[in-house]
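The data block below is start-v2.cif; it holds mmCIF, C-alpha atoms.
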```
data_structure
#
loop_
_atom_site.label_atom_id
_atom_site.label_comp_id
_atom_site.auth_asym_id
_atom_site.auth_seq_id
_atom_site.Cartn_x
_atom_site.Cartn_y
_atom_site.Cartn_z
CA ARG A 1 0.00 0.00 0.00
CA VAL A 2 1.13 3.53 -0.54
CA GLN A 3 0.45 6.62 1.46
CA GLY A 4 1.52 9.78 -0.32
CA THR A 5 0.15 13.11 0.82
CA LEU A 6 2.00 16.08 -0.61
CA HIS A 7 1.91 19.47 1.09
CA LYS A 8 1.52 22.40 -1.26
CA VAL A 9 4.14 25.10 -0.70
CA SER A 10 2.53 28.06 -2.42
CA GLY A 11 -0.65 28.28 -0.34
CA PRO A 12 -2.58 27.14 2.71
CA LEU A 13 -4.29 24.28 0.92
CA THR A 14 -2.92 20.76 0.78
CA ARG A 15 -3.36 18.36 -2.09
CA ASP A 16 -3.97 14.85 -0.84
CA VAL A 17 -2.63 12.56 -3.51
CA GLY A 18 -2.82 9.45 -1.38
CA ARG A 19 -5.48 7.95 -3.60
CA GLY A 20 -3.58 8.82 -6.73
CA GLU A 21 -0.34 7.39 -5.41
CA ARG A 22 -2.07 4.20 -4.29
CA MET A 23 -3.55 3.86 -7.77
CA LYS A 24 -0.14 4.46 -9.32
CA ARG A 25 1.50 1.85 -7.10
CA THR A 26 -1.28 -0.58 -7.94
CA VAL A 27 -0.67 -0.04 -11.64
CA ILE A 28 3.09 -0.47 -11.15
CA ILE A 29 2.71 -3.69 -9.20
CA ILE A 30 0.09 -5.10 -11.56
CA SER A 31 2.29 -4.22 -14.51
CA PHE A 32 5.24 -5.88 -12.83
CA LEU A 33 3.29 -9.04 -12.12
CA ALA A 34 1.89 -9.16 -15.63
CA LEU A 35 5.34 -8.67 -17.15
CA ALA A 36 6.96 -11.12 -14.77
CA CYS A 37 4.32 -13.74 -15.46
CA CYS A 38 4.75 -13.37 -19.20
CA LEU A 39 8.53 -13.35 -19.08
CA SER A 40 8.93 -16.21 -16.62
CA TYR A 41 6.20 -18.49 -17.97
CA ALA A 42 8.69 -20.73 -19.69
CA GLU A 43 10.76 -20.93 -16.51
CA ASP A 44 7.79 -22.00 -14.37
CA THR A 45 8.07 -19.21 -11.78
CA SER A 46 5.20 -17.63 -9.87
CA PRO A 47 5.80 -14.01 -8.81
CA THR A 48 3.88 -12.72 -5.79
CA LEU A 49 3.21 -9.28 -4.36
CA PRO A 50 5.90 -7.85 -2.06
CA ASP A 51 5.15 -7.82 1.69
CA SER A 52 6.14 -4.41 3.08
CA GLN A 53 6.36 -5.76 6.64
CA GLU A 54 8.91 -8.34 5.55
CA PHE A 55 11.10 -5.66 3.99
CA THR A 56 10.64 -3.28 6.92
CA LYS A 57 11.99 -5.99 9.20
CA LEU A 58 14.97 -6.42 6.89
CA ARG A 59 15.68 -2.68 6.83
CA ASN A 60 15.45 -2.43 10.61
CA THR A 61 17.76 -5.42 11.05
CA ILE A 62 20.38 -3.90 8.76
CA ALA A 63 20.17 -0.48 10.44
CA SER A 64 20.54 -2.08 13.89
CA ARG A 65 23.91 -3.63 13.11
CA ASP A 66 26.81 -2.30 15.15
CA ASP A 67 28.83 -1.78 11.96
CA TYR A 68 26.00 -0.18 9.97
CA ASN A 69 27.13 2.84 7.97
CA PRO A 70 24.29 4.93 6.48
CA LYS A 71 26.59 6.53 3.93
CA TRP A 72 26.38 4.22 0.93
CA ASP A 73 29.19 5.65 -1.21
CA ALA A 74 31.84 2.94 -1.24
CA ASP A 75 34.08 2.55 -4.28
CA ASP A 76 32.67 -0.88 -5.11
CA ARG A 77 29.16 0.66 -5.22
CA THR A 78 30.35 3.45 -7.51
CA ALA A 79 31.85 0.83 -9.82
CA ILE A 80 28.39 -0.67 -10.35
CA PHE A 81 27.01 2.53 -11.83
CA GLU A 82 30.15 3.11 -13.87
CA ALA A 83 29.82 -0.33 -15.46
CA HIS A 84 26.14 0.31 -16.09
CA LYS A 85 26.91 3.67 -17.72
CA GLU A 86 29.42 1.92 -19.98
CA LYS A 87 26.70 -0.64 -20.85
CA ASP A 88 28.79 -3.48 -19.46
CA TYR A 89 25.68 -5.04 -17.97
CA ARG A 90 27.23 -8.37 -17.01
CA LYS A 91 30.01 -6.66 -15.06
CA ALA A 92 27.50 -4.32 -13.42
CA ILE A 93 25.37 -7.28 -12.36
CA THR A 94 28.35 -9.19 -10.94
CA LEU A 95 29.44 -6.16 -8.92
CA ALA A 96 25.88 -5.44 -7.81
CA GLU A 97 25.21 -8.95 -6.54
CA LYS A 98 28.38 -8.76 -4.44
CA TRP A 99 27.34 -5.38 -3.06
CA LEU A 100 23.79 -6.49 -2.32
CA ALA A 101 25.09 -9.52 -0.45
CA LYS A 102 26.56 -7.01 2.02
CA LEU A 103 23.76 -4.42 1.85
CA PRO A 104 20.51 -6.06 0.66
CA VAL A 105 18.46 -2.86 1.09
CA ASP A 106 20.07 -0.63 -1.54
CA THR A 107 17.09 0.29 -3.72
CA SER A 108 19.09 2.28 -6.25
CA VAL A 109 21.41 -0.61 -6.99
CA MET A 110 18.46 -3.02 -7.14
CA TYR A 111 16.61 -0.84 -9.64
CA VAL A 112 19.56 -0.59 -12.00
CA THR A 113 20.37 -4.28 -11.63
CA ALA A 114 16.80 -5.37 -12.33
CA PHE A 115 16.82 -3.66 -15.70
CA ASN A 116 20.32 -4.84 -16.47
CA TYR A 117 18.97 -8.37 -16.09
CA LEU A 118 16.09 -7.43 -18.36
CA ARG A 119 18.48 -6.14 -21.02
CA LEU A 120 20.25 -9.51 -20.92
CA ARG A 121 16.88 -11.30 -21.12
CA GLN A 122 17.41 -12.99 -17.78
CA TYR A 123 13.75 -12.67 -16.94
CA SER A 124 13.52 -14.64 -13.72
CA GLU A 125 16.42 -12.65 -12.28
CA PHE A 126 14.75 -9.41 -13.35
CA SER A 127 11.57 -10.56 -11.59
CA ARG A 128 13.48 -11.41 -8.41
CA MET A 129 15.38 -8.13 -8.29
CA TYR A 130 12.43 -5.89 -9.17
CA TYR A 131 10.30 -7.67 -6.57
CA GLN A 132 12.88 -6.77 -3.91
CA TYR A 133 13.06 -3.19 -5.16
CA LEU A 134 9.28 -2.76 -4.96
CA GLY A 135 9.17 -4.36 -1.52
CA LEU A 136 11.74 -1.94 -0.14
CA ILE A 137 10.08 1.12 -1.68
CA ASP A 138 6.70 0.03 -0.33
CA SER A 139 8.27 -0.47 3.10
CA ILE A 140 9.40 3.16 3.15
CA LEU A 141 6.09 4.50 1.83
CA SER A 142 4.19 2.46 4.40
CA SER A 143 6.08 4.05 7.30
CA GLY A 144 4.15 7.33 7.16
CA ASP A 145 2.48 9.72 4.75
CA GLY A 146 5.33 12.21 4.34
CA LYS A 147 3.02 15.17 5.02
CA THR A 148 4.39 16.40 8.36
CA VAL A 149 7.29 15.94 10.75
CA ASN A 150 5.15 13.65 12.89
CA THR A 151 4.07 11.49 9.95
CA ALA A 152 7.32 11.53 8.00
CA TYR A 153 8.61 8.57 6.03
CA HIS A 154 11.26 6.71 8.04
CA VAL A 155 14.54 6.08 6.23
CA ILE A 156 17.78 4.40 7.23
CA SER A 157 19.91 6.17 4.62
CA LEU A 158 19.66 9.39 2.65
CA THR A 159 19.86 7.23 -0.45
CA GLU A 160 16.37 5.97 0.37
CA GLU A 161 15.03 9.52 0.21
CA TYR A 162 16.18 9.95 -3.36
CA ALA A 163 14.84 6.52 -4.31
CA VAL A 164 11.40 7.59 -3.10
CA LEU A 165 11.56 10.90 -4.95
CA ASN A 166 12.53 9.03 -8.10
CA GLU A 167 9.68 6.55 -7.65
CA LEU A 168 7.14 9.37 -7.11
CA LYS A 169 8.53 11.30 -10.10
CA LEU A 170 9.49 14.33 -8.00
CA GLU A 171 12.39 16.67 -8.77
CA LEU A 172 14.23 17.98 -5.73
CA GLU A 173 14.48 21.78 -5.50
CA GLU A 174 15.52 22.40 -1.89
CA GLN A 175 16.36 20.43 1.23
CA ALA A 176 16.35 21.48 4.90
CA LEU A 177 16.67 19.75 8.28
CA VAL A 178 13.55 20.37 10.37
CA SER A 179 13.11 18.75 13.81
CA GLY A 180 15.06 15.63 12.93
CA CYS A 181 13.49 15.36 9.48
CA ASP A 182 14.63 16.22 5.99
CA ALA A 183 12.07 18.55 4.43
CA MET A 184 12.37 17.98 0.70
CA THR A 185 10.85 20.72 -1.43
CA CYS A 186 10.16 19.27 -4.86
CA THR A 187 8.36 19.85 -8.13
CA ASP A 188 5.94 17.24 -9.43
CA ARG A 189 5.30 16.42 -13.09
CA ASP A 190 2.58 19.09 -13.26
CA GLY A 191 4.94 21.79 -12.03
CA ASN A 192 3.45 22.00 -8.52
CA LYS A 193 5.72 22.68 -5.56
CA VAL A 194 5.36 19.98 -2.90
CA VAL A 195 7.14 19.03 0.33
CA LEU A 196 7.84 15.55 1.66
CA TYR A 197 9.23 14.89 5.12
CA PHE A 198 11.67 12.08 5.88
CA ASN A 199 12.53 11.05 9.44
CA VAL A 200 16.32 10.74 9.48
CA SER A 201 16.81 10.11 13.22
CA ARG A 202 18.41 6.72 12.60
CA VAL A 203 20.69 8.21 9.96
CA LEU A 204 21.84 10.99 12.30
CA GLN A 205 22.39 8.52 15.12
CA ALA A 206 24.54 6.28 12.93
CA ARG A 207 26.47 9.28 11.60
CA LYS A 208 27.44 10.24 15.14
CA LYS A 209 28.73 6.73 15.70
CA PHE A 210 30.89 6.89 12.60
CA LEU A 211 31.63 10.63 12.93
CA ILE A 212 30.43 11.22 9.38
CA PRO A 213 30.18 14.99 8.82
CA ASP A 214 27.01 16.46 7.35
CA LYS A 215 27.36 18.07 3.96
#
```

Write-out of the structure in structure tokens:
Amino acid sequence: RVQGTLHKVSGPLTRDVGRGERMKRTVIIISFLALACCLSYAEDTSPTLPDSQEFTKLRNTIASRDDYNPKWDADDRTAIFEAHKEKDYRKAITLAEKWLAKLPVDTSVMYVTAFNYLRLRQYSEFSRMYYQYLGLIDSILSSGDGKTVNTAYHVISLTEEYAVLNELKLELEEQALVSGCDAMTCTDRDGNKVVLYFNVSRVLQARKKFLIPDK
């Protein structure tokens, strides 16, 4: 399920797009299942809908590790996107699978890897990876409605914020820290200014542990 209420910046009114976002997610998931069913028919696989609670548990487990670092910018991660940019999809996939074995909640890497599998016509692997991507995104969107500080989406890395903005087709214009939340001022596809709030308390806590400076 998706909860997505966007707060309008330019006036006192708010535009509740929860219904629209739920419809969009439904279309995305149905499209995924239809595509996965068609592509994997010959391989006798049966895709199912992601369970957000399952992926929330995974995210919480990862973030609770003593060695968890919320700054996902390691060189081996960067190499994945470089290989993808160079259209070396097999190399990108190999690097991505190694990275995801260490950090199985990286939505950005999963998204790129899913479609790299699709480009190589490895349809069951595409289905597996895109299923995980959708599950993680739905986990974040199910954690709040993003409308206020008190109902902000909960994230375990700033990377998750950008993954959500990408999924909701929002372009970031401005970012500010407000009461332990990132207030992301964005523009939607219709040109409207909207704000989404992300609770980054776990990110800030982990940053203190690793003494990672804010940028």

List, as a PDB file with C-alpha atoms, in the frame of the given file, every residue that the PyMOL selection byres ((chain A and resi 94) around 12) selects in the file provided.
```
ATOM      1  CA  ASP A  76      32.670  -0.880  -5.110  1.00  0.00           C
ATOM      2  CA  ARG A  77      29.160   0.660  -5.220  1.00  0.00           C
ATOM      3  CA  ALA A  79      31.850   0.830  -9.820  1.00  0.00           C
ATOM      4  CA  ILE A  80      28.390  -0.670 -10.350  1.00  0.00           C
ATOM      5  CA  PHE A  81      27.010   2.530 -11.830  1.00  0.00           C
ATOM      6  CA  ALA A  83      29.820  -0.330 -15.460  1.00  0.00           C
ATOM      7  CA  HIS A  84      26.140   0.310 -16.090  1.00  0.00           C
ATOM      8  CA  ASP A  88      28.790  -3.480 -19.460  1.00  0.00           C
ATOM      9  CA  TYR A  89      25.680  -5.040 -17.970  1.00  0.00           C
ATOM     10  CA  ARG A  90      27.230  -8.370 -17.010  1.00  0.00           C
ATOM     11  CA  LYS A  91      30.010  -6.660 -15.060  1.00  0.00           C
ATOM     12  CA  ALA A  92      27.500  -4.320 -13.420  1.00  0.00           C
ATOM     13  CA  ILE A  93      25.370  -7.280 -12.360  1.00  0.00           C
ATOM     14  CA  LEU A  95      29.440  -6.160  -8.920  1.00  0.00           C
ATOM     15  CA  ALA A  96      25.880  -5.440  -7.810  1.00  0.00           C
ATOM     16  CA  GLU A  97      25.210  -8.950  -6.540  1.00  0.00           C
ATOM     17  CA  LYS A  98      28.380  -8.760  -4.440  1.00  0.00           C
ATOM     18  CA  TRP A  99      27.340  -5.380  -3.060  1.00  0.00           C
ATOM     19  CA  LEU A 100      23.790  -6.490  -2.320  1.00  0.00           C
ATOM     20  CA  ALA A 101      25.090  -9.520  -0.450  1.00  0.00           C
ATOM     21  CA  VAL A 109      21.410  -0.610  -6.990  1.00  0.00           C
ATOM     22  CA  THR A 113      20.370  -4.280 -11.630  1.00  0.00           C
ATOM     23  CA  ASN A 116      20.320  -4.840 -16.470  1.00  0.00           C
ATOM     24  CA  TYR A 117      18.970  -8.370 -16.090  1.00  0.00           C
TER      25      TYR A 117
END
```

Would you place a box with edges along x, y and z of the file around all atoms of segment 177-195 of chain A listed there, add 5 Å to each of its six sides, and report the centre and edge lengths in Å to one decimal, as JSON?
```
{"center_x": 9.6, "center_y": 19.0, "center_z": 0.3, "size_x": 24.1, "size_y": 17.3, "size_z": 37.1}
```

Distance table requested - segment 69-133 of chain A against segment 193-204 of chain A, cut-off 12 Å, all atoms listed in the file: one row per qualifying residue with the closest atom pair and its distance in Å to one decimal, ordered by chain and rising residue number, as a tab-separated table.
```
residue	atom	partner	partner_atom	distance
A:Asn69	CA	A:Val203	CA	8.6
A:Pro70	CA	A:Val203	CA	6.0
A:Lys71	CA	A:Val203	CA	8.6
A:Trp72	CA	A:Val203	CA	11.4
```

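We find atom CA of Glu167 of chain A and atom CA of Thr78 of chain A to be spaced 20.9 Å apart.
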
**Asked** Of the residues A:Asp182, A:Asp188, A:Asp106, A:Asp67, which is the one nearest to Lys147 of chain A, using all atoms listed in the file?
**Response** A:Asp182

**Message:** Could you tell me how far atom CA of Val155 of chain A sits from atom CA of Asn60 of chain A, in Å to one decimal place?
**Reply:**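 Taking atom CA of Asn60 of chain A and atom CA of Val155 of chain A, their separation equals 9.6 Å.
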
**Nearest to Ser179 of chain A by atom-to-atom distance, counting only C-alpha atoms, from A:Ala152, A:Leu120, A:Val112, A:Ala206** =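 Using only C-alpha atoms, the shortest distance to Ser179 of chain A belongs to A:Ala152.
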
**Prompt:** By how many Å are atom CA of Arg189 of chain A and atom CA of Lys85 of chain A apart?
**Reply:**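 So the answer is 25.5 Å.
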